[in-house]
$ cat my_file_13.txt   # compact mmCIF, C-alpha atoms
# COMPACT_ATOMS: atom_id res chain seq x y z
CA MET A 23 -17.16 -4.58 -27.89
CA ASP A 24 -13.76 -3.27 -26.85
CA ARG A 25 -14.26 -1.71 -23.41
CA PRO A 26 -11.88 -0.75 -20.59
CA GLU A 27 -11.18 -3.60 -18.22
CA ILE A 28 -12.85 -3.67 -14.81
CA ILE A 29 -9.91 -3.52 -12.40
CA LEU A 30 -10.58 -5.21 -9.06
CA ALA A 31 -6.95 -5.89 -8.23
CA PRO A 32 -4.86 -4.50 -5.34
CA GLY A 33 -3.31 -1.78 -7.46
CA PRO A 34 -2.84 0.07 -9.61
CA THR A 35 -6.41 1.08 -8.88
CA PRO A 36 -8.91 2.74 -11.24
CA ILE A 37 -8.33 6.44 -11.86
CA PRO A 38 -11.08 9.09 -11.55
CA PRO A 39 -11.82 11.26 -14.61
CA GLU A 40 -10.72 14.38 -12.72
CA VAL A 41 -7.28 12.85 -12.22
CA LEU A 42 -6.98 11.85 -15.88
CA LEU A 43 -7.95 15.37 -16.91
CA ALA A 44 -5.32 16.85 -14.60
CA GLN A 45 -2.69 14.52 -16.03
CA GLY A 46 -3.69 15.52 -19.55
CA SER A 47 -3.43 19.24 -18.82
CA PRO A 48 -0.47 21.29 -20.07
CA LEU A 49 2.68 20.56 -18.07
CA VAL A 50 3.63 22.89 -15.26
CA TYR A 51 7.32 23.75 -15.66
CA HIS A 52 9.22 21.99 -12.89
CA ARG A 53 11.65 24.83 -12.14
CA GLY A 54 9.19 27.56 -11.28
CA PRO A 55 6.50 28.77 -8.89
CA GLY A 56 3.70 26.73 -10.48
CA PHE A 57 5.37 23.42 -9.74
CA GLY A 58 6.51 24.71 -6.36
CA LYS A 59 2.92 25.34 -5.35
CA LEU A 60 1.96 21.91 -6.67
CA MET A 61 4.66 20.22 -4.58
CA ARG A 62 3.78 22.23 -1.49
CA ASP A 63 0.10 21.37 -1.77
CA VAL A 64 0.78 17.67 -2.33
CA SER A 65 3.22 17.49 0.58
CA THR A 66 0.79 19.25 2.91
CA ARG A 67 -2.03 16.86 2.02
CA LEU A 68 0.23 13.83 2.45
CA ARG A 69 1.33 14.99 5.88
CA GLN A 70 -2.35 15.14 6.83
CA LEU A 71 -2.82 11.64 5.45
CA TYR A 72 0.21 10.31 7.36
CA ARG A 73 -1.19 12.08 10.44
CA THR A 74 2.08 13.81 11.18
CA ASP A 75 3.02 17.27 12.40
CA LEU A 76 6.67 16.32 12.81
CA ALA A 77 7.82 14.38 9.75
CA GLU A 78 9.04 15.74 6.43
CA VAL A 79 7.52 14.15 3.33
CA LEU A 80 9.78 13.66 0.31
CA LEU A 81 8.35 13.15 -3.20
CA MET A 82 10.21 10.88 -5.61
CA THR A 83 9.61 9.84 -9.20
CA SER A 84 9.53 6.11 -8.60
CA SER A 85 7.37 3.15 -7.80
CA GLY A 86 6.87 2.31 -4.16
CA THR A 87 9.82 -0.07 -4.31
CA GLY A 88 12.11 2.84 -5.10
CA GLY A 89 10.88 4.55 -1.97
CA LEU A 90 11.64 1.42 0.03
CA GLU A 91 15.14 1.26 -1.43
CA SER A 92 15.68 4.91 -0.53
CA ALA A 93 14.80 4.11 3.08
CA ILE A 94 17.48 1.45 3.28
CA GLN A 95 20.09 3.59 1.54
CA ASN A 96 19.51 6.65 3.67
CA VAL A 97 19.40 5.37 7.25
CA LEU A 98 21.71 2.34 7.18
CA SER A 99 25.37 1.50 6.62
CA PRO A 100 27.14 -1.60 5.23
CA GLY A 101 27.01 -4.45 7.73
CA ASP A 102 24.17 -2.98 9.81
CA GLU A 103 21.78 -5.58 11.16
CA VAL A 104 18.06 -5.35 10.52
CA LEU A 105 15.08 -7.48 11.49
CA VAL A 106 12.37 -8.38 8.98
CA PRO A 107 9.24 -10.23 10.11
CA LEU A 108 8.44 -12.43 7.11
CA ALA A 109 4.78 -13.23 6.41
CA GLY A 110 4.27 -12.74 2.68
CA PHE A 111 5.59 -11.60 -0.67
CA PHE A 112 6.11 -7.95 0.20
CA SER A 113 7.80 -8.48 3.54
CA ASP A 114 10.17 -10.78 1.65
CA ARG A 115 10.88 -7.84 -0.68
CA TRP A 116 12.25 -5.98 2.37
CA ARG A 117 14.56 -8.94 3.02
CA ALA A 118 15.76 -9.00 -0.59
CA LEU A 119 16.35 -5.23 -0.65
CA ALA A 120 18.31 -5.33 2.60
CA GLU A 121 20.45 -8.25 1.51
CA SER A 122 21.18 -6.63 -1.85
CA HIS A 123 22.68 -3.66 0.04
CA GLY A 124 24.99 -5.82 2.14
CA LEU A 125 23.00 -5.66 5.36
CA ALA A 126 22.86 -8.49 7.88
CA VAL A 127 19.23 -9.61 7.85
CA ARG A 128 17.59 -11.40 10.74
CA THR A 129 14.07 -12.73 10.34
CA VAL A 130 11.10 -13.92 12.32
CA GLU A 131 9.22 -16.17 9.93
CA TYR A 132 5.51 -16.92 9.73
CA GLU A 133 3.35 -19.01 7.48
CA TRP A 134 1.77 -16.87 4.77
CA GLY A 135 -1.59 -15.60 5.97
CA ARG A 136 -0.51 -15.23 9.60
CA LYS A 137 -0.35 -11.98 11.53
CA VAL A 138 3.04 -11.13 12.98
CA VAL A 139 3.08 -11.51 16.78
CA PRO A 140 4.61 -8.45 18.52
CA SER A 141 5.76 -10.41 21.58
CA GLU A 142 7.73 -12.78 19.34
CA VAL A 143 9.37 -9.85 17.56
CA ALA A 144 10.18 -8.34 20.97
CA ARG A 145 11.80 -11.62 22.03
CA ALA A 146 13.91 -11.70 18.85
CA LEU A 147 15.05 -8.12 19.47
CA GLN A 148 15.96 -8.90 23.08
CA MET A 149 18.06 -11.84 21.92
CA HIS A 150 19.76 -9.83 19.20
CA PRO A 151 19.42 -6.02 18.92
CA VAL A 152 19.37 -4.49 15.43
CA LYS A 153 19.63 -1.03 13.88
CA ALA A 154 16.19 -1.12 12.23
CA VAL A 155 13.02 -3.19 11.95
CA LEU A 156 11.54 -3.31 8.44
CA LEU A 157 7.76 -3.72 8.50
CA THR A 158 4.97 -4.21 5.97
CA HIS A 159 1.57 -2.79 6.92
CA SER A 160 -0.70 -4.23 4.23
CA GLU A 161 0.53 -7.61 3.02
CA THR A 162 -1.51 -7.69 -0.20
CA SER A 163 -0.20 -11.13 -1.14
CA THR A 164 -2.13 -12.64 1.77
CA GLY A 165 -4.86 -10.11 2.50
CA VAL A 166 -3.55 -9.44 6.02
CA ILE A 167 -3.03 -6.11 7.81
CA GLN A 168 -0.12 -6.39 10.21
CA PRO A 169 -0.27 -4.83 13.73
CA ILE A 170 2.13 -1.99 12.96
CA ARG A 171 1.32 0.09 16.02
CA GLU A 172 2.26 -2.74 18.40
CA LEU A 173 5.25 -3.82 16.30
CA ALA A 174 6.55 -0.25 16.22
CA GLN A 175 6.30 -0.11 20.02
CA VAL A 176 8.45 -3.20 20.56
CA ALA A 177 10.95 -1.94 17.99
CA ARG A 178 11.22 1.44 19.73
CA ASP A 179 11.55 -0.31 23.11
CA ALA A 180 14.57 -2.08 21.62
CA ASP A 181 15.96 1.26 20.36
CA ALA A 182 15.57 0.23 16.71
CA LEU A 183 14.43 2.45 13.88
CA VAL A 184 10.90 1.69 12.63
CA VAL A 185 10.77 1.61 8.81
CA CYS A 186 7.38 0.79 7.34
CA ASP A 187 5.98 -0.05 3.91
CA VAL A 188 2.56 1.63 3.76
CA VAL A 189 2.33 1.61 -0.05
CA SER A 190 -0.95 -0.32 -0.17
CA SER A 191 -2.34 0.77 3.20
CA LEU A 192 -1.97 4.55 3.45
CA GLY A 193 -5.38 6.11 2.98
CA ALA A 194 -7.23 2.78 3.09
CA VAL A 195 -6.81 1.69 6.72
CA PRO A 196 -5.94 3.62 9.90
CA PHE A 197 -2.33 4.77 10.23
CA GLY A 198 -0.72 7.34 12.54
CA PHE A 199 2.91 8.29 11.89
CA ASP A 200 3.37 10.46 14.98
CA GLU A 201 1.10 8.57 17.35
CA TRP A 202 2.58 5.20 16.43
CA ASP A 203 6.16 6.52 16.70
CA ILE A 204 7.21 5.59 13.15
CA ASP A 205 10.58 6.70 11.74
CA VAL A 206 10.13 6.12 7.99
CA ALA A 207 6.92 5.32 6.10
CA VAL A 208 6.87 4.78 2.33
CA GLY A 209 3.70 5.24 0.26
CA GLY A 210 2.79 5.24 -3.43
CA SER A 211 0.50 7.18 -5.74
CA GLN A 212 -1.28 4.26 -7.39
CA LYS A 213 -3.12 2.61 -4.50
CA ALA A 214 -5.77 4.08 -2.18
CA LEU A 215 -5.34 7.56 -3.63
CA SER A 216 -6.20 6.37 -7.16
CA ALA A 217 -3.53 8.32 -9.01
CA SER A 218 -1.28 6.87 -11.70
CA PRO A 219 1.82 4.87 -10.77
CA GLY A 220 5.04 6.83 -10.70
CA ILE A 221 5.39 8.77 -7.44
CA ALA A 222 6.68 7.41 -4.14
CA PHE A 223 6.40 9.49 -0.99
CA VAL A 224 8.54 9.00 2.09
CA ALA A 225 7.74 10.41 5.53
CA VAL A 226 10.92 10.88 7.57
CA SER A 227 11.14 11.46 11.35
CA GLU A 228 13.82 13.47 13.15
CA ARG A 229 15.36 10.19 14.42
CA ALA A 230 15.59 8.97 10.83
CA TRP A 231 17.27 12.23 9.78
CA SER A 232 19.81 11.71 12.58
CA ALA A 233 20.49 8.19 11.29
CA HIS A 234 20.76 9.59 7.77
CA ALA A 235 23.53 11.95 8.88
CA THR A 236 25.83 9.03 9.67
CA ALA A 237 24.58 6.39 7.19
CA THR A 238 27.17 5.38 4.59
CA LEU A 239 25.41 3.14 2.08
CA PRO A 240 25.95 4.47 -1.48
CA ARG A 241 23.15 6.70 -2.75
CA TYR A 242 22.66 9.35 -5.36
CA TYR A 243 19.28 9.50 -7.11
CA PHE A 244 17.49 8.74 -3.83
CA ASP A 245 19.73 10.83 -1.55
CA TRP A 246 17.30 12.39 0.92
CA SER A 247 19.63 15.33 1.62
CA ILE A 248 19.32 16.47 -1.98
CA TYR A 249 15.53 16.13 -1.93
CA ARG A 250 15.40 18.06 1.34
CA ARG A 251 17.54 20.88 -0.03
CA TYR A 252 15.42 21.31 -3.15
CA ALA A 253 12.16 21.06 -1.20
CA ALA A 254 13.34 23.91 1.04
CA LEU A 255 13.69 26.38 -1.85
CA PRO A 256 11.28 29.35 -1.84
CA ASP A 257 9.56 27.60 -4.75
CA PRO A 258 10.01 23.88 -3.91
CA GLU A 259 11.49 21.64 -6.59
CA ASN A 260 12.43 18.04 -7.19
CA PRO A 261 16.19 17.58 -7.69
CA TRP A 262 15.68 15.55 -10.87
CA THR A 263 13.16 15.89 -13.67
CA PRO A 264 9.95 14.71 -11.99
CA ALA A 265 6.92 12.92 -13.40
CA ILE A 266 5.14 16.26 -13.80
CA SER A 267 1.89 14.95 -15.24
CA VAL A 268 1.63 12.25 -12.57
CA MET A 269 2.22 14.93 -9.90
CA GLN A 270 -0.62 16.99 -11.39
CA GLY A 271 -2.83 13.91 -11.26
CA LEU A 272 -1.79 13.13 -7.68
CA HIS A 273 -2.70 16.67 -6.67
CA ALA A 274 -6.19 16.19 -8.15
CA ALA A 275 -6.50 12.76 -6.51
CA LEU A 276 -5.68 14.20 -3.08
CA GLU A 277 -8.22 16.99 -3.55
CA LEU A 278 -10.87 14.36 -4.31
CA TYR A 279 -9.80 12.19 -1.37
CA PHE A 280 -10.07 15.10 1.07
CA GLN A 281 -13.42 16.34 -0.20
CA ASP A 282 -15.14 14.18 2.40
CA GLY A 283 -12.09 13.69 4.63
CA VAL A 284 -9.95 10.81 5.83
CA GLU A 285 -12.53 9.27 8.15
CA ALA A 286 -15.16 9.13 5.39
CA ALA A 287 -12.64 7.50 3.04
CA LEU A 288 -11.69 4.90 5.64
CA GLN A 289 -15.34 4.11 6.31
CA ARG A 290 -15.97 3.69 2.58
CA HIS A 291 -13.08 1.23 2.32
CA ARG A 292 -14.36 -0.67 5.35
CA THR A 293 -17.83 -0.98 3.82
CA LEU A 294 -16.53 -2.14 0.44
CA SER A 295 -14.36 -4.71 2.20
CA ARG A 296 -17.32 -6.09 4.18
CA ALA A 297 -19.40 -6.33 1.02
CA VAL A 298 -16.73 -8.32 -0.82
CA LYS A 299 -16.11 -10.65 2.10
CA ASP A 300 -19.82 -11.26 2.75
CA GLY A 301 -20.42 -11.72 -0.96
CA VAL A 302 -17.81 -14.39 -1.58
CA GLN A 303 -18.73 -16.23 1.62
CA ALA A 304 -22.35 -16.30 0.45
CA LEU A 305 -21.09 -18.40 -2.46
CA GLY A 306 -19.62 -20.93 -0.03
CA LEU A 307 -16.05 -19.79 -0.61
CA ASP A 308 -13.51 -19.57 2.20
CA LEU A 309 -11.47 -16.46 2.93
CA PHE A 310 -7.73 -16.67 3.49
CA GLY A 311 -5.63 -15.04 6.20
CA GLU A 312 -5.90 -13.88 9.81
CA GLY A 313 -7.61 -10.78 11.16
CA LEU A 314 -9.50 -10.08 7.95
CA GLU A 315 -11.90 -7.66 9.60
CA ASP A 316 -8.96 -5.22 9.78
CA ASN A 317 -8.05 -5.42 6.09
CA TRP A 318 -10.00 -2.95 3.98
CA THR A 319 -7.59 -3.09 1.01
CA VAL A 320 -7.75 -6.57 -0.48
CA THR A 321 -9.45 -9.90 0.22
CA ALA A 322 -7.72 -13.21 -0.49
CA ILE A 323 -10.12 -16.06 -1.32
CA ARG A 324 -9.42 -19.79 -1.42
CA ALA A 325 -10.29 -21.39 -4.74
CA PRO A 326 -12.95 -24.12 -4.56
CA GLU A 327 -11.65 -27.67 -4.44
CA GLY A 328 -10.84 -28.93 -7.91
CA ILE A 329 -10.54 -25.47 -9.50
CA ASP A 330 -7.18 -23.77 -9.94
CA ALA A 331 -7.31 -20.16 -8.71
CA ASP A 332 -5.41 -18.96 -11.77
CA MET A 333 -8.12 -20.49 -13.94
CA ILE A 334 -10.65 -18.28 -12.17
CA THR A 335 -8.64 -15.09 -12.70
CA ASP A 336 -7.93 -16.00 -16.34
CA ARG A 337 -11.54 -16.87 -17.13
CA ILE A 338 -13.15 -13.85 -15.45
CA ARG A 339 -10.77 -11.62 -17.40
CA SER A 340 -11.32 -13.28 -20.77
CA ASP A 341 -15.11 -13.57 -20.40
CA PHE A 342 -15.94 -10.33 -18.62
CA GLY A 343 -12.89 -8.08 -18.81
CA CYS A 344 -12.70 -8.15 -15.00
CA VAL A 345 -9.19 -8.14 -13.51
CA LEU A 346 -8.69 -10.02 -10.23
CA ALA A 347 -5.25 -10.80 -8.84
CA PRO A 348 -3.85 -14.36 -8.74
CA GLY A 349 -2.02 -15.79 -5.76
CA GLN A 350 1.71 -15.23 -5.29
CA GLY A 351 4.51 -17.48 -4.09
CA PRO A 352 3.23 -20.56 -2.23
CA LEU A 353 -0.35 -19.34 -2.75
CA LYS A 354 -0.09 -19.52 -6.54
CA GLY A 355 -3.08 -21.46 -7.87
CA LYS A 356 -4.60 -21.69 -4.38
CA VAL A 357 -6.07 -18.23 -3.82
CA PHE A 358 -7.25 -15.30 -5.87
CA ARG A 359 -7.53 -11.74 -4.59
CA ILE A 360 -10.07 -8.93 -4.96
CA GLY A 361 -8.94 -5.36 -4.36
CA HIS A 362 -11.47 -2.90 -2.96
CA PHE A 363 -9.60 0.29 -2.17
CA GLY A 364 -9.25 3.48 -4.15
CA TYR A 365 -11.76 4.68 -6.74
CA PHE A 366 -14.47 2.06 -6.22
CA SER A 367 -18.19 2.43 -5.59
CA GLU A 368 -20.88 0.02 -4.44
CA LEU A 369 -21.84 -0.80 -8.03
CA ASP A 370 -18.25 -1.62 -8.95
CA ILE A 371 -18.27 -4.29 -6.25
CA ILE A 372 -21.69 -5.57 -7.34
CA ARG A 373 -20.50 -5.82 -10.92
CA GLY A 374 -17.36 -7.72 -9.92
CA LEU A 375 -19.24 -10.18 -7.71
CA SER A 376 -21.76 -10.82 -10.47
CA ALA A 377 -18.91 -11.60 -12.88
CA LEU A 378 -17.40 -13.92 -10.27
CA GLU A 379 -20.69 -15.80 -9.87
CA MET A 380 -21.00 -16.39 -13.61
CA THR A 381 -17.33 -17.36 -13.93
CA LEU A 382 -17.52 -19.95 -11.16
CA GLU A 383 -20.69 -21.43 -12.66
CA ARG A 384 -18.99 -21.73 -16.06
CA LEU A 385 -16.11 -23.55 -14.36
CA GLY A 386 -18.49 -26.10 -12.87
CA TYR A 387 -18.82 -24.76 -9.34
CA PRO A 388 -22.38 -24.92 -7.98
CA VAL A 389 -23.52 -21.32 -7.66
CA LYS A 390 -26.75 -19.95 -6.30
CA ARG A 391 -27.19 -17.12 -8.74
CA GLY A 392 -27.36 -13.72 -7.10
CA ALA A 393 -26.17 -14.91 -3.68
CA ALA A 394 -22.98 -12.84 -3.65
CA VAL A 395 -24.74 -9.80 -5.05
CA ALA A 396 -27.54 -10.05 -2.50
CA ALA A 397 -25.08 -10.33 0.39
CA ALA A 398 -23.14 -7.28 -0.80
CA GLU A 399 -26.36 -5.32 -1.29
CA GLY A 400 -27.28 -6.16 2.30
CA VAL A 401 -24.07 -4.52 3.53
CA PHE A 402 -24.60 -1.43 1.44
CA GLN A 403 -28.23 -1.04 2.47
CA GLU A 404 -27.30 -1.47 6.12
CA VAL A 405 -24.90 1.49 6.06
CA SER A 406 -26.90 3.73 3.70

$ encode --input "my_file_13.txt" --output "structure tokens"
Amino acid sequence: MDRPEIILAPGPTPIPPEVLLAQGSPLVYHRGPGFGKLMRDVSTRLRQLYRTDLAEVLLMTSSGTGGLESAIQNVLSPGDEVLVPLAGFFSDRWRALAESHGLAVRTVEYEWGRKVVPSEVARALQMHPVKAVLLTHSETSTGVIQPIRELAQVARDADALVVCDVVSSLGAVPFGFDEWDIDVAVGGSQKALSASPGIAFVAVSERAWSAHATATLPRYYFDWSIYRRYAALPDPENPWTPAISVMQGLHAALELYFQDGVEAALQRHRTLSRAVKDGVQALGLDLFGEGLEDNWTVTAIRAPEGIDADMITDRIRSDFGCVLAPGQGPLKGKVFRIGHFGYFSELDIIRGLSALEMTLERLGYPVKRGAAVAAAEGVFQEVS
């Protein structure tokens, strides 16, 4: 039977019916009061999610990577030096983006799966000051949440701008734009909020606006000044034709997210994360990465000896229509990843773990049937 796939990957995440219905509704014209109210509502909710009273939030039709590129273009100038702590695929994307814009990139490098050490970043900044530090909060390639609060502190102590990728962390794990003294934070619609891909949002501090005023990298489509001017109209607009239907869906997704509030959403993600981690460990599998109790977005799992991790992700998809994520970079074939943020319930996790049990058994791994499911059920019953 042809059925929708079961997505248990770290984004895009499953989409609630209410969001799909909103996206399928008649378009709101983007140069009028209806879209202005939509933009204002979305921006207000996002500022609550960022936990900021001070930052402006800009909405862009783009993937998260476009938002990251806008951050580089709008606060930096050719030849500026930046520091990128490298610990996975997505922190390396920062490096590639910065280099592609002619910036001088300095790095502090870690083995994939490690947490970045703030004191080591502080030492690097003391030895060589930079204009900005480019950080990744949730490194989904390794299943590690980086210590952004502490890293932001050492960056600010060195008088560097703090620019942070929160695409796969915002709404899933704790984050505080104002309290943590962040300058730029880039999120995306398709992760913890469970909307469709297509909208990036960028929170911008007053320090970042000051840097923007003198930055000289070329920009046009992502020029923050233009977005700011249009957002300040009596009926806010996007400067370019926006992804109207995705914006309507994002509005519905935020309304759903805030029905129970941020703290309830974070607790739900924490519980789902514990259930996945306890479940796979009950099968005798090893988790990958440091500080995993802090990561409520995705869990990276080492493949059993003798079984290629890609074989697991391929087989579970072909046999059960369940989508897990393979490893990336040096982890290709060594780990697979289960996402557990966004529109997931307890039974979604149970279903995915059951499919994993049967897949591993079919690949010759000795499985105690029901072990993963029982462990996950124990977590859910404990918090019920």

$ closest_residue --input "my_file_13.txt" --among "A:Gly374, A:Gly311, A:Gly386, A:Gly88" --to "Tyr243 of chain A" --atoms "all atoms listed in the file"
A:Gly88

$ closest_residue --input "my_file_13.txt" --among "A:Ser163, A:Tyr249, A:Leu105, A:Glu404" --to "Leu183 of chain A" --atoms "only C-alpha atoms"
A:Leu105

$ atom_distance --input "my_file_13.txt" --atom1 "atom CA of Leu278 of chain A" --atom2 "atom CA of Thr66 of chain A"
14.6 Å

$ atom_distance --input "my_file_13.txt" --atom1 "atom CA of Gly135 of chain A" --atom2 "atom CA of Asp114 of chain A"
13.4 Å

$ closest_residue --input "my_file_13.txt" --among "A:Pro240, A:Pro352, A:Gly86, A:Gly54" --to "Ser190 of chain A" --atoms "all atoms listed in the file"
A:Gly86

$ atom_distance --input "my_file_13.txt" --atom1 "atom CA of Arg145 of chain A" --atom2 "atom CA of Asp179 of chain A"
11.4 Å

$ residues_around --input "my_file_13.txt" --residues "Val302 of chain A" --least-positions-apart "6" --cutoff "12 Å" --atoms "all atoms listed in the file" --output "PyMOL selection string"
chain A and resi 295-296+308-310+321-326+358-360+371-372+374-379+382+389-390+392-398

$ residues_near_point --input "my_file_13.txt" --point "(-2.7, -10.7, 7.9)" --cutoff "7 Å" --atoms "all atoms listed in the file" --output "NGL selection string"
:A and (135-137 or 161 or 164-168 or 311-314)

$ write_last_selection --input "my_file_13.txt" --atoms "C-alpha atoms" --output "mmCIF file, in the frame of the given file"
data_model
loop_
_atom_site.group_PDB
_atom_site.id
_atom_site.type_symbol
_atom_site.label_atom_id
_atom_site.label_comp_id
_atom_site.auth_asym_id
_atom_site.auth_seq_id
_atom_site.Cartn_x
_atom_site.Cartn_y
_atom_site.Cartn_z
ATOM 1 C CA GLY A 135 -1.590 -15.600 5.970
ATOM 2 C CA ARG A 136 -0.510 -15.230 9.600
ATOM 3 C CA LYS A 137 -0.350 -11.980 11.530
ATOM 4 C CA GLU A 161 0.530 -7.610 3.020
ATOM 5 C CA THR A 164 -2.130 -12.640 1.770
ATOM 6 C CA GLY A 165 -4.860 -10.110 2.500
ATOM 7 C CA VAL A 166 -3.550 -9.440 6.020
ATOM 8 C CA ILE A 167 -3.030 -6.110 7.810
ATOM 9 C CA GLN A 168 -0.120 -6.390 10.210
ATOM 10 C CA GLY A 311 -5.630 -15.040 6.200
ATOM 11 C CA GLU A 312 -5.900 -13.880 9.810
ATOM 12 C CA GLY A 313 -7.610 -10.780 11.160
ATOM 13 C CA LEU A 314 -9.500 -10.080 7.950
#

$ decode --input "my_file_13.txt" --residues "segment 253-260 of chain A" --atoms "all heavy atoms" --output "PDB file, in the first residue's frame"
ATOM      1  N   ALA A 253       9.399  46.261   6.441  1.00  0.00           N
ATOM      2  CA  ALA A 253       8.748  45.770   7.658  1.00  0.00           C
ATOM      3  C   ALA A 253       8.207  46.913   8.506  1.00  0.00           C
ATOM      4  O   ALA A 253       7.310  46.700   9.329  1.00  0.00           O
ATOM      5  CB  ALA A 253       9.729  44.942   8.478  1.00  0.00           C
ATOM      6  N   ALA A 254       8.722  48.125   8.304  1.00  0.00           N
ATOM      7  CA  ALA A 254       8.298  49.276   9.087  1.00  0.00           C
ATOM      8  C   ALA A 254       7.085  49.990   8.483  1.00  0.00           C
ATOM      9  O   ALA A 254       6.588  50.960   9.069  1.00  0.00           O
ATOM     10  CB  ALA A 254       9.450  50.263   9.227  1.00  0.00           C
ATOM     11  N   LEU A 255       6.594  49.528   7.336  1.00  0.00           N
ATOM     12  CA  LEU A 255       5.408  50.135   6.738  1.00  0.00           C
ATOM     13  C   LEU A 255       4.201  49.946   7.653  1.00  0.00           C
ATOM     14  O   LEU A 255       4.159  49.011   8.462  1.00  0.00           O
ATOM     15  CB  LEU A 255       5.137  49.489   5.378  1.00  0.00           C
ATOM     16  CG  LEU A 255       6.168  49.746   4.269  1.00  0.00           C
ATOM     17  CD1 LEU A 255       5.866  48.873   3.050  1.00  0.00           C
ATOM     18  CD2 LEU A 255       6.187  51.217   3.892  1.00  0.00           C
ATOM     19  N   PRO A 256       3.203  50.814   7.553  1.00  0.00           N
ATOM     20  CA  PRO A 256       1.990  50.642   8.370  1.00  0.00           C
ATOM     21  C   PRO A 256       1.391  49.240   8.239  1.00  0.00           C
ATOM     22  O   PRO A 256       0.923  48.670   9.226  1.00  0.00           O
ATOM     23  CB  PRO A 256       1.054  51.719   7.825  1.00  0.00           C
ATOM     24  CG  PRO A 256       1.970  52.779   7.293  1.00  0.00           C
ATOM     25  CD  PRO A 256       3.148  52.038   6.741  1.00  0.00           C
ATOM     26  N   ASP A 257       1.394  48.707   7.038  1.00  0.00           N
ATOM     27  CA  ASP A 257       1.064  47.304   6.804  1.00  0.00           C
ATOM     28  C   ASP A 257       2.347  46.624   6.334  1.00  0.00           C
ATOM     29  O   ASP A 257       2.740  46.766   5.175  1.00  0.00           O
ATOM     30  CB  ASP A 257      -0.028  47.151   5.738  1.00  0.00           C
ATOM     31  CG  ASP A 257      -1.365  47.708   6.196  1.00  0.00           C
ATOM     32  OD1 ASP A 257      -1.739  47.427   7.351  1.00  0.00           O
ATOM     33  OD2 ASP A 257      -2.015  48.424   5.421  1.00  0.00           O
ATOM     34  N   PRO A 258       3.052  45.902   7.240  1.00  0.00           N
ATOM     35  CA  PRO A 258       4.366  45.346   6.902  1.00  0.00           C
ATOM     36  C   PRO A 258       4.332  44.491   5.630  1.00  0.00           C
ATOM     37  O   PRO A 258       3.345  43.819   5.342  1.00  0.00           O
ATOM     38  CB  PRO A 258       4.717  44.493   8.119  1.00  0.00           C
ATOM     39  CG  PRO A 258       3.945  45.107   9.238  1.00  0.00           C
ATOM     40  CD  PRO A 258       2.662  45.582   8.625  1.00  0.00           C
ATOM     41  N   GLU A 259       5.426  44.561   4.895  1.00  0.00           N
ATOM     42  CA  GLU A 259       5.578  43.787   3.666  1.00  0.00           C
ATOM     43  C   GLU A 259       6.957  43.166   3.623  1.00  0.00           C
ATOM     44  O   GLU A 259       7.856  43.528   4.379  1.00  0.00           O
ATOM     45  CB  GLU A 259       5.406  44.684   2.424  1.00  0.00           C
ATOM     46  CG  GLU A 259       4.042  45.300   2.259  1.00  0.00           C
ATOM     47  CD  GLU A 259       3.954  46.126   0.986  1.00  0.00           C
ATOM     48  OE1 GLU A 259       4.833  45.962   0.097  1.00  0.00           O
ATOM     49  OE2 GLU A 259       3.024  46.942   0.869  1.00  0.00           O
ATOM     50  N   ASN A 260       7.115  42.228   2.701  1.00  0.00           N
ATOM     51  CA  ASN A 260       8.422  41.706   2.321  1.00  0.00           C
ATOM     52  C   ASN A 260       8.847  42.454   1.068  1.00  0.00           C
ATOM     53  O   ASN A 260       8.008  42.726   0.202  1.00  0.00           O
ATOM     54  CB  ASN A 260       8.313  40.200   2.054  1.00  0.00           C
ATOM     55  CG  ASN A 260       9.654  39.532   1.926  1.00  0.00           C
ATOM     56  OD1 ASN A 260      10.298  39.624   0.888  1.00  0.00           O
ATOM     57  ND2 ASN A 260      10.084  38.856   2.971  1.00  0.00           N
TER      58      ASN A 260
END
